[in-house]
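What follows is one structure encoded as structure tokens, with my remarks underneath.
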Amino acid sequence: MSADALTITLLHLPAHGIGSRKDLPLPFEYVVTGAALIVAATFWFLTRSWRQVRLSTLGGRALPRFSRVLTAPAVRLVAGLLVIVFWAWFTMALIAGKDLVTNPVFGVVFVLLWVGLVPIALLGGALWRGVHPVRTVAGWFRPADRRERLEGLGVYPAALGILVWGWFELIQPDRATLPVLRGFVIAWVVLVVAGTLRRGVGWVGTADPFEAYSTTLSRLSPWQWEDGTLRLVSPLRNLGSWHPPAGTSALACALLGTTAYDSFSSSTWWIRLVQASDLPRWLWGLVGMGVMITIVGGLYVAGVAALRWGLTVRTGLLETADSLSIGLVPIVSGYAMGHYLTLLVIEGQRTVIQLADPLGQGWNVLGLAENGVVATPLTFPTVTALAQLLFIVGGHVLGVIVAHDRAVALLRRETMRRAQLPLLSVMVVYTVGGLVLLFSP
Amino acid sequence: MRRVLTCLVAGLLLLTGACSSTTASGPLTIDVTVANGKVSPSGAKYDVVKGSTVTINVSSDANETVHVHGYEIEKDVTPGQKLVITFVANMTGSFDIETHVIDATIATLNVR
């Protein structure tokens with residue numbers, strides 16, 4: 001069998017972790033070229049850029065007919081039923097399936113849900129909110145309540161949720177065993193359902209880390225609802241016209257910090273340190289993740305604090321940080337796509353195939369089980385490496401553009417460029433750091 | 001500012017020339033020892049060209065299982081015995097080599 005045409009079959013694997021064949025480290029030349037591009041593009045842009053706000057309005061084209069189709073009761077009902085059927089299928093595998101890595105529940109949570117929501121949000125907008133299982137059921141009982149999130153709390157609870165999820169996904173040693181995953185799913189259901197019963201569906205947007213993540217990234221998509229009508233808009237305007245809820249900068253820093261820890265924890269230096277120590281591994285994990293999130297968050301707060309002397313209207317530190325956090329959204333997206341796209345393509349296929357047989361009884365629903373995993377992305381490592389570079393550098397460039405536009409709106413004209421310099425430098429550090437981590441020393 | 005920028009880019013490009021890594025062609029042998037619950041090597045990185053033969057020699061002071069991810073080779077070793085795993089690295093990608101009793105990462109094999 002030719003290795004390039006291979007399909008991977010996993011038969012007798014113990015349940016331990018998702019993804020056995022990973023991307024090659026980014027070649028060092030790519031890291032250096034990427035870093036040079038990032039530095040050059042950022043500072044060239046700063047010296048040449050516009051001095052009037054350009055992206056503050058949504059613009060684009062309204063799509064009234066398409067909106068009416070999407071919001072038609074029949075369409076909503078069918079979409080809702082499909083969503084419920086999918087999650088019922090998942091729940092069946094979670095309750096009655098076997099505790100093997102071939103159980104699709106692991107792939108559904110760690111790959112389809114967590115990684116899949118990134119391209120879905122970037123291409124399809126706030127789709128996740130539209131098909132959220134709790135929102136769907138809540139909508140049948142209280143159709144009038146359509147709130148996106150609760151006032152006041154912003155997305156701080158969801159940011160905290162991302163930290164808990166980061167611990168679960170990257171540190172909890174038995175996450176790929178059925179009892180532990182069941183515990184996590186129950187905790188999520190209790191958090192989201194109990195809160196929704198008490199406070200209405202706005203709670204979902206405030207506290208569900210998956211929805212908050214997806215809604216945040218959907219601002220970089222070409223779709224946006226305005227006054228009940230869907231508009232096809234420029235992604236830059238979609239993001240540039242957004243006034244993010246309180247806690248969005250915390251959410252973005254939590255996402256960047258956990259992704260950075262994911263890469264950092266596979267560096268030789270870190271593995272040696274942890275494996276030579278007699279302290280438990282989860283403790284090292286917590287410390288490592290805590291340090292990464294502190295570095296990411298600390299740098300961002302420092303960059304925003306250094307910008308505040310130039311503000312036209314003096315606003316609070318966190319308020320300013322959230323307003324400027326639109327610049328972090330493309331960086332988070334680029335990081336996620338660069339780090340996890342191969343995982344999504346390979347393990348996503350495997351998960352879909354496994355969904356044909358949720359209980360390990362040899363079922364072949366919809367004929368899915370007859371397919372093999374096509375491993376093409378891994379057989380063209382140069383193309384994959386170029387794509388990773390493109391995502392990370394591209395995300396950075398988009399982030400710098402929207403952050404600059406927001407800074408123009410907030411800063412006094414004469415201080416505009418100098419006041420932005422520290423924050424743009426922080427963004428450069430994030431992106432170059434992301435590239436170095438993909439090089440995985 | 002422009003001068004600083006030019007210097008920076010030039011510096012980075014120089015660094016590229018100096019640091020381009022070379023991938024070892026030909027066979028690779030990894031000698032692995034497991035003693036007192038610790039592995040050696042620990043978290044190492046090995047680069048090989050696709051098609052190379054990889055040999056892993058394992059000795060352990062306790063019952064242990066060695067797993068080569070992706071190639072899905074999983075073999076047991078007992079104290080005093082010497083385990084030899086040989087395979088042809090014919091898939092590109094990055095693969096972890098782990099022990100499953102003490103759950104340690106011996107090395108990552110990068111096949112280019």
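Ligands are numbered from 1 in the order shown, chains are lettered A, B, ... in the order of the structure tokens, and residues start at 1 in each chain.
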Next item on the list: For chain B, work out the contacting residues on chain A at 7 Å, counting only C-alpha atoms, and write them as an NGL selection string.
Entry: :A and (3 or 20-24 or 28-29 or 32 or 36 or 40 or 268 or 271-272 or 275-276 or 378-379)
Residue selection dump (N, CA and C atoms) as an mmCIF file, in the first residue's frame:
data_model
loop_
_atom_site.group_PDB
_atom_site.id
_atom_site.type_symbol
_atom_site.label_atom_id
_atom_site.label_comp_id
_atom_site.auth_asym_id
_atom_site.auth_seq_id
_atom_site.Cartn_x
_atom_site.Cartn_y
_atom_site.Cartn_z
ATOM 1 N N ALA A 3 1.983 4.844 0.939
ATOM 2 C CA ALA A 3 1.729 5.650 2.136
ATOM 3 C C ALA A 3 0.937 6.906 1.796
ATOM 4 N N SER A 20 -3.293 10.864 16.611
ATOM 5 C CA SER A 20 -2.043 10.139 16.785
ATOM 6 C C SER A 20 -1.019 10.544 15.741
ATOM 7 N N ARG A 21 -1.486 11.168 14.666
ATOM 8 C CA ARG A 21 -0.561 11.614 13.632
ATOM 9 C C ARG A 21 -0.741 13.120 13.511
ATOM 10 N N LYS A 22 0.321 13.869 13.788
ATOM 11 C CA LYS A 22 0.172 15.313 13.884
ATOM 12 C C LYS A 22 0.968 16.024 12.802
ATOM 13 N N ASP A 23 0.706 17.351 12.697
ATOM 14 C CA ASP A 23 1.471 18.173 11.766
ATOM 15 C C ASP A 23 2.934 18.171 12.136
ATOM 16 N N LEU A 24 3.781 18.210 11.115
ATOM 17 C CA LEU A 24 5.204 18.410 11.364
ATOM 18 C C LEU A 24 5.405 19.800 11.956
ATOM 19 N N PHE A 28 11.922 26.114 10.396
ATOM 20 C CA PHE A 28 12.453 27.333 11.005
ATOM 21 C C PHE A 28 12.460 28.511 10.035
ATOM 22 N N GLU A 29 12.755 28.240 8.751
ATOM 23 C CA GLU A 29 12.754 29.308 7.748
ATOM 24 C C GLU A 29 11.391 29.992 7.679
ATOM 25 N N VAL A 32 10.961 32.360 10.668
ATOM 26 C CA VAL A 32 11.711 33.608 10.533
ATOM 27 C C VAL A 32 11.081 34.497 9.464
ATOM 28 N N ALA A 36 9.440 38.132 10.164
ATOM 29 C CA ALA A 36 9.892 39.332 9.454
ATOM 30 C C ALA A 36 8.709 40.025 8.775
ATOM 31 N N ALA A 40 7.489 43.798 9.706
ATOM 32 C CA ALA A 40 7.528 44.791 8.639
ATOM 33 C C ALA A 40 6.130 45.322 8.332
ATOM 34 N N THR A 268 10.436 20.204 23.997
ATOM 35 C CA THR A 268 11.370 19.302 24.680
ATOM 36 C C THR A 268 11.699 19.819 26.084
ATOM 37 N N ILE A 271 8.741 19.136 28.509
ATOM 38 C CA ILE A 271 8.521 17.705 28.780
ATOM 39 C C ILE A 271 9.625 17.180 29.699
ATOM 40 N N ARG A 272 10.890 17.585 29.418
ATOM 41 C CA ARG A 272 12.007 17.146 30.274
ATOM 42 C C ARG A 272 11.815 17.604 31.696
ATOM 43 N N GLN A 275 8.879 15.638 33.314
ATOM 44 C CA GLN A 275 9.114 14.204 33.515
ATOM 45 C C GLN A 275 10.262 13.922 34.474
ATOM 46 N N ALA A 276 11.134 14.909 34.699
ATOM 47 C CA ALA A 276 12.226 14.704 35.650
ATOM 48 C C ALA A 276 11.761 15.000 37.072
ATOM 49 N N LEU A 378 -1.720 15.688 5.523
ATOM 50 C CA LEU A 378 -0.468 15.292 6.150
ATOM 51 C C LEU A 378 0.554 14.807 5.141
ATOM 52 N N THR A 379 0.096 14.481 3.919
ATOM 53 C CA THR A 379 1.037 13.977 2.931
ATOM 54 C C THR A 379 1.639 15.115 2.110
#
Margin query: Which residues are near Ser265 (chain A)? Cut-off 9 Å, only C-alpha atoms, ignore same chain within fewer than 6 positions. Put them as a VMD selection string.
Written below: chain A and resid 271 285 288 to 289
Next item on the list: Can you check which residues of region 229-343 of chain A DSSP gives as strand (DSSP E) on the backbone and send them as a PyMOL selection string?
Entry: chain A and resi 229-232
Save the residues we just selected, C-alpha atoms, as a compact mmCIF listing (two decimals), in the first residue's frame?
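Okay, this is what ended up in part.txt:
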# COMPACT_ATOMS: atom_id res chain seq x y z
CA THR A 229 -32.35 41.29 8.62
CA LEU A 230 -29.26 39.38 7.60
CA ARG A 231 -26.61 41.41 5.78
CA LEU A 232 -23.71 40.28 3.60
Notebook entry, point to check: Leaving out Gly60 (chain A) and any residue of its chain fewer than 5 positions from it, which residues lie within 10 Å of it when counting only C-alpha atoms, given as a PyMOL selection string?
Noted result: chain A and resi 222-224+231-235+237-238
Notebook entry, point to check: Counting only C-alpha atoms, what is within 6 Å of region 53-65 of chain B, bar same-chain residues fewer than 5 positions away, as a list in words?
Noted result: Pro27, Leu28, Thr29, Ile30, Asp31, Val32, Thr33, Val34, Ala35, Lys75, Asp76, Val77, Thr78, Pro79, Lys82, Leu83, Val84, Ile85, Thr86, Phe87, Val88, Thr99, His100 and Val101 of chain B
Notebook entry, point to check: Of the candidates A:Pro377, A:Pro245, A:Pro173, A:Gly166, which shows the shortest atom-to-atom distance to Arg281 (chain A), using only C-alpha atoms?
Noted result: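 Nearest to Arg281 (chain A): A:Pro173.
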